[in-house]
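See structure below.
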Amino acid sequence: MSTNIAMEQRKRIHPSKFTLWVAIGSMIMMFAGLTSAYVVKRSMPSWTTFEMPTIFWYSTAVMVISSLTMIMALRAFKQRERVKYRALLTLTAILGVAFVIMQVIGFSQIWATGITFAGSGAGQFLYIIAGLHGIHVLGGVIALIIMFFKAFSTRMRNYNAVPVEVMSTYWHFVDFLWIYLLVFFMLMQ
């Protein structure tokens, strides 16, 4: 009887993972709606275009590398390689911060070209869509920093992989989302 219960519990999704997937579904719908509105609004005659700054390609590479380091951090955590996990989690957090800084620089460059909140809406949509993504990345960076402090805490010796798995899934999502947005904005120029 206890074997059946244990097998049934393994089939269930952890509440934190379920909540994350519901949130990701909501975010996908939000960004799909915003990018759809961008496409519709773009057909207006007064629409202005912009060029994507080169730094966005570098920030994309940084984000992809951070996803790889997060994969390796999760693997190290599951294999109980604490030192390796700490190093990889630290690197992922540093890369996340670097991504945010590069995004600020890139959007400052766009702003300097005259694409602002004024006008037909190109700037408004661009900054709202990218700003919402930035907020999600910043939330991920904050979560990474919290996990960083927990990883180096001498008081905690918890080997529950669920928080690391949730963080990993979220981080891959914001990575994928940025790649989608970059490709979308490149195609819409």
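Naming works like this for the structure tokens: A, B, ... for the chains as they're shown, residue 1 at the start of each chain, ligands 1 onward in shown order.
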Please return, as a VMD selection string, all residues of region 43-182 of chain A that DSSP assigns to alpha helix (DSSP H) on the basis of the backbone. chain A and resid 55 to 78 82 to 112 122 to 152 162 to 182
12 Å contact set for Phe117 (chain A), only C-alpha atoms, chain neighbours under 4 positions out, as a JSON list (two decimals) with N, CA, C and O atoms, in the first residue's frame:
```json
[["chain", "number", "residue", "atom", "x", "y", "z"],
["A", 48, "THR", "N", 7.14, 54.80, -36.47],
["A", 48, "THR", "CA", 8.58, 54.98, -36.69],
["A", 48, "THR", "C", 9.30, 53.67, -36.40],
["A", 48, "THR", "O", 8.88, 52.90, -35.55],
["A", 110, "ILE", "N", 18.84, 53.27, -28.03],
["A", 110, "ILE", "CA", 17.63, 53.46, -28.81],
["A", 110, "ILE", "C", 16.98, 54.80, -28.45],
["A", 110, "ILE", "O", 16.57, 55.56, -29.32],
["A", 111, "TRP", "N", 16.92, 55.10, -27.16],
["A", 111, "TRP", "CA", 16.33, 56.35, -26.69],
["A", 111, "TRP", "C", 17.09, 57.54, -27.30],
["A", 111, "TRP", "O", 16.48, 58.52, -27.72],
["A", 121, "GLY", "N", 3.86, 55.57, -31.17],
["A", 121, "GLY", "CA", 3.72, 54.39, -30.34],
["A", 121, "GLY", "C", 4.83, 53.38, -30.45],
["A", 121, "GLY", "O", 4.85, 52.43, -29.68],
["A", 122, "ALA", "N", 5.73, 53.52, -31.41],
["A", 122, "ALA", "CA", 6.82, 52.54, -31.53],
["A", 122, "ALA", "C", 7.61, 52.47, -30.24],
["A", 122, "ALA", "O", 7.87, 51.39, -29.71],
["A", 123, "GLY", "N", 8.00, 53.63, -29.73],
["A", 123, "GLY", "CA", 8.76, 53.67, -28.49],
["A", 123, "GLY", "C", 7.96, 53.17, -27.32],
["A", 123, "GLY", "O", 8.46, 52.43, -26.47],
["A", 124, "GLN", "N", 6.69, 53.56, -27.29],
["A", 124, "GLN", "CA", 5.84, 53.14, -26.18],
["A", 124, "GLN", "C", 5.74, 51.62, -26.11],
["A", 124, "GLN", "O", 5.95, 51.02, -25.06],
["A", 125, "PHE", "N", 5.43, 51.00, -27.24],
["A", 125, "PHE", "CA", 5.33, 49.54, -27.26],
["A", 125, "PHE", "C", 6.68, 48.89, -26.96],
["A", 125, "PHE", "O", 6.75, 47.93, -26.21],
["A", 126, "LEU", "N", 7.72, 49.40, -27.60],
["A", 126, "LEU", "CA", 9.05, 48.82, -27.41],
["A", 126, "LEU", "C", 9.44, 48.84, -25.94],
["A", 126, "LEU", "O", 9.84, 47.82, -25.38],
["A", 127, "TYR", "N", 9.31, 49.99, -25.29],
["A", 127, "TYR", "CA", 9.75, 50.11, -23.90],
["A", 127, "TYR", "C", 8.83, 49.36, -22.94],
["A", 127, "TYR", "O", 9.30, 48.85, -21.92],
["A", 128, "ILE", "N", 7.56, 49.30, -23.25],
["A", 128, "ILE", "CA", 6.65, 48.55, -22.38],
["A", 128, "ILE", "C", 6.95, 47.05, -22.47],
["A", 128, "ILE", "O", 7.10, 46.37, -21.46]]
```
I'd like the neighbourhood of region 92-107 of chain A as a ChimeraX atom specification, where a residue qualifies if any of its atoms comes within 7 Å (using only C-alpha atoms), though same-chain residues fewer than 6 positions away should be ignored. /A:53,55-56,59,62-63,66,69-70,141,144-145
CA of Ala87 (chain A) to CA of Gly140 (chain A), distance in Å rounded to a single decimal: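 Between CA of Ala87 (chain A) and CA of Gly140 (chain A) the gap is 17.5 Å.
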With only C-alpha atoms counted and 8 Å as the cut-off, give the residues of region 29-125 of chain A in contact with region 158-182 of chain A, each with its shortest interatomic distance in Å and the pair that gives it, as CSV.
```
residue,atom,partner,partner_atom,distance
A:Phe56,CA,A:Leu182,CA,7.9
A:Thr60,CA,A:Ile179,CA,7.0
A:Met63,CA,A:Asp175,CA,5.9
A:Val64,CA,A:Asp175,CA,6.5
A:Ser67,CA,A:His172,CA,5.8
A:Met70,CA,A:Ser168,CA,6.0
A:Ile71,CA,A:Ser168,CA,6.9
A:Leu74,CA,A:Val164,CA,6.2
A:Phe77,CA,A:Ala161,CA,7.2
A:Lys78,CA,A:Ala161,CA,6.6
A:Arg80,CA,A:Tyr159,CA,7.8
```
Selection export as a CSV table (one decimal), in the first residue's frame, atoms kept: all heavy atoms:
```
chain,number,residue,atom,x,y,z
A,56,PHE,N,22.6,44.2,-28.0
A,56,PHE,CA,21.6,43.2,-27.8
A,56,PHE,C,22.1,41.8,-28.2
A,56,PHE,O,21.6,40.9,-27.6
A,56,PHE,CB,20.3,43.6,-28.5
A,56,PHE,CG,19.5,44.7,-27.8
A,56,PHE,CD1,18.6,45.4,-28.5
A,56,PHE,CD2,19.8,45.1,-26.5
A,56,PHE,CE1,17.9,46.5,-27.9
A,56,PHE,CE2,19.1,46.1,-25.9
A,56,PHE,CZ,18.1,46.8,-26.6
A,60,THR,N,22.3,38.8,-25.6
A,60,THR,CA,21.6,37.5,-25.9
A,60,THR,C,22.6,36.4,-25.6
A,60,THR,O,22.2,35.4,-25.0
A,60,THR,CB,21.1,37.5,-27.4
A,60,THR,OG1,20.2,38.6,-27.6
A,60,THR,CG2,20.4,36.2,-27.7
A,63,MET,N,22.8,35.9,-22.0
A,63,MET,CA,21.6,35.2,-21.4
A,63,MET,C,21.7,33.7,-21.7
A,63,MET,O,21.3,32.9,-20.9
A,63,MET,CB,20.4,35.9,-22.0
A,63,MET,CG,19.1,35.5,-21.2
A,63,MET,SD,19.2,36.1,-19.5
A,63,MET,CE,17.5,36.0,-19.1
A,64,VAL,N,22.1,33.4,-23.0
A,64,VAL,CA,22.2,31.9,-23.3
A,64,VAL,C,23.2,31.2,-22.5
A,64,VAL,O,23.0,30.1,-22.0
A,64,VAL,CB,22.4,31.8,-24.8
A,64,VAL,CG1,22.8,30.3,-25.2
A,64,VAL,CG2,21.2,32.2,-25.7
A,67,SER,N,21.9,30.6,-19.1
A,67,SER,CA,21.0,29.4,-19.1
A,67,SER,C,21.8,28.1,-19.0
A,67,SER,O,21.4,27.2,-18.3
A,67,SER,CB,20.1,29.3,-20.3
A,67,SER,OG,18.9,29.8,-20.1
A,70,MET,N,23.1,27.7,-15.5
A,70,MET,CA,22.0,27.3,-14.6
A,70,MET,C,21.7,25.8,-14.8
A,70,MET,O,21.5,25.2,-13.8
A,70,MET,CB,20.7,28.1,-15.0
A,70,MET,CG,19.6,28.0,-13.9
A,70,MET,SD,20.0,28.7,-12.3
A,70,MET,CE,19.4,27.5,-11.2
A,71,ILE,N,21.8,25.3,-16.0
A,71,ILE,CA,21.7,23.9,-16.2
A,71,ILE,C,22.7,23.1,-15.4
A,71,ILE,O,22.5,22.1,-14.7
A,71,ILE,CB,21.7,23.5,-17.7
A,71,ILE,CG1,20.5,24.0,-18.4
A,71,ILE,CG2,21.9,22.0,-17.9
A,71,ILE,CD1,20.6,23.9,-19.9
A,74,LEU,N,22.1,23.3,-11.6
A,74,LEU,CA,21.1,22.4,-11.2
A,74,LEU,C,21.7,20.9,-11.1
A,74,LEU,O,21.5,20.2,-10.1
A,74,LEU,CB,19.9,22.4,-12.1
A,74,LEU,CG,18.8,21.4,-11.8
A,74,LEU,CD1,18.2,21.5,-10.4
A,74,LEU,CD2,17.7,21.5,-12.9
A,77,PHE,N,23.9,20.7,-8.1
A,77,PHE,CA,23.1,20.6,-6.9
A,77,PHE,C,22.5,19.2,-6.7
A,77,PHE,O,22.6,18.6,-5.6
A,77,PHE,CB,21.9,21.6,-6.9
A,77,PHE,CG,21.1,21.6,-5.7
A,77,PHE,CD1,21.5,22.5,-4.6
A,77,PHE,CD2,20.0,20.8,-5.4
A,77,PHE,CE1,20.8,22.5,-3.4
A,77,PHE,CE2,19.3,20.9,-4.3
A,77,PHE,CZ,19.7,21.7,-3.2
A,78,LYS,N,22.0,18.6,-7.7
A,78,LYS,CA,21.4,17.2,-7.6
A,78,LYS,C,22.5,16.2,-7.3
A,78,LYS,O,22.2,15.2,-6.7
A,78,LYS,CB,20.7,16.9,-8.9
A,78,LYS,CG,19.4,17.6,-9.0
A,78,LYS,CD,18.6,17.2,-10.3
A,78,LYS,CE,17.2,17.8,-10.3
A,78,LYS,NZ,16.5,17.4,-11.5
A,80,ARG,N,25.0,16.8,-5.5
A,80,ARG,CA,25.5,17.3,-4.2
A,80,ARG,C,26.9,17.7,-4.2
A,80,ARG,O,27.7,17.6,-3.3
A,80,ARG,CB,25.3,16.2,-3.1
A,80,ARG,CG,23.8,15.9,-2.9
A,80,ARG,CD,23.6,14.9,-1.8
A,80,ARG,NE,22.2,14.7,-1.7
A,80,ARG,CZ,21.5,14.7,-0.6
A,80,ARG,NH1,22.1,15.1,0.5
A,80,ARG,NH2,20.2,14.5,-0.6
```
Fewer than 4 positions away in the same chain doesn't count, so skip those; otherwise give me all residues within 10 Å of Arg86 (chain A), counting only C-alpha atoms, as a list of chain:residue names. A:Ala73, A:Ala76, A:Phe77, A:Glu81, A:Arg82, A:Thr90, A:Leu91, A:Thr92, A:Met147, A:Phe148, A:Phe149, A:Lys150, A:Ala151, A:Phe152
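When CA of Gln189 (chain A) is paired with CA of Ile28 (chain A), their separation reads 22.0 Å.
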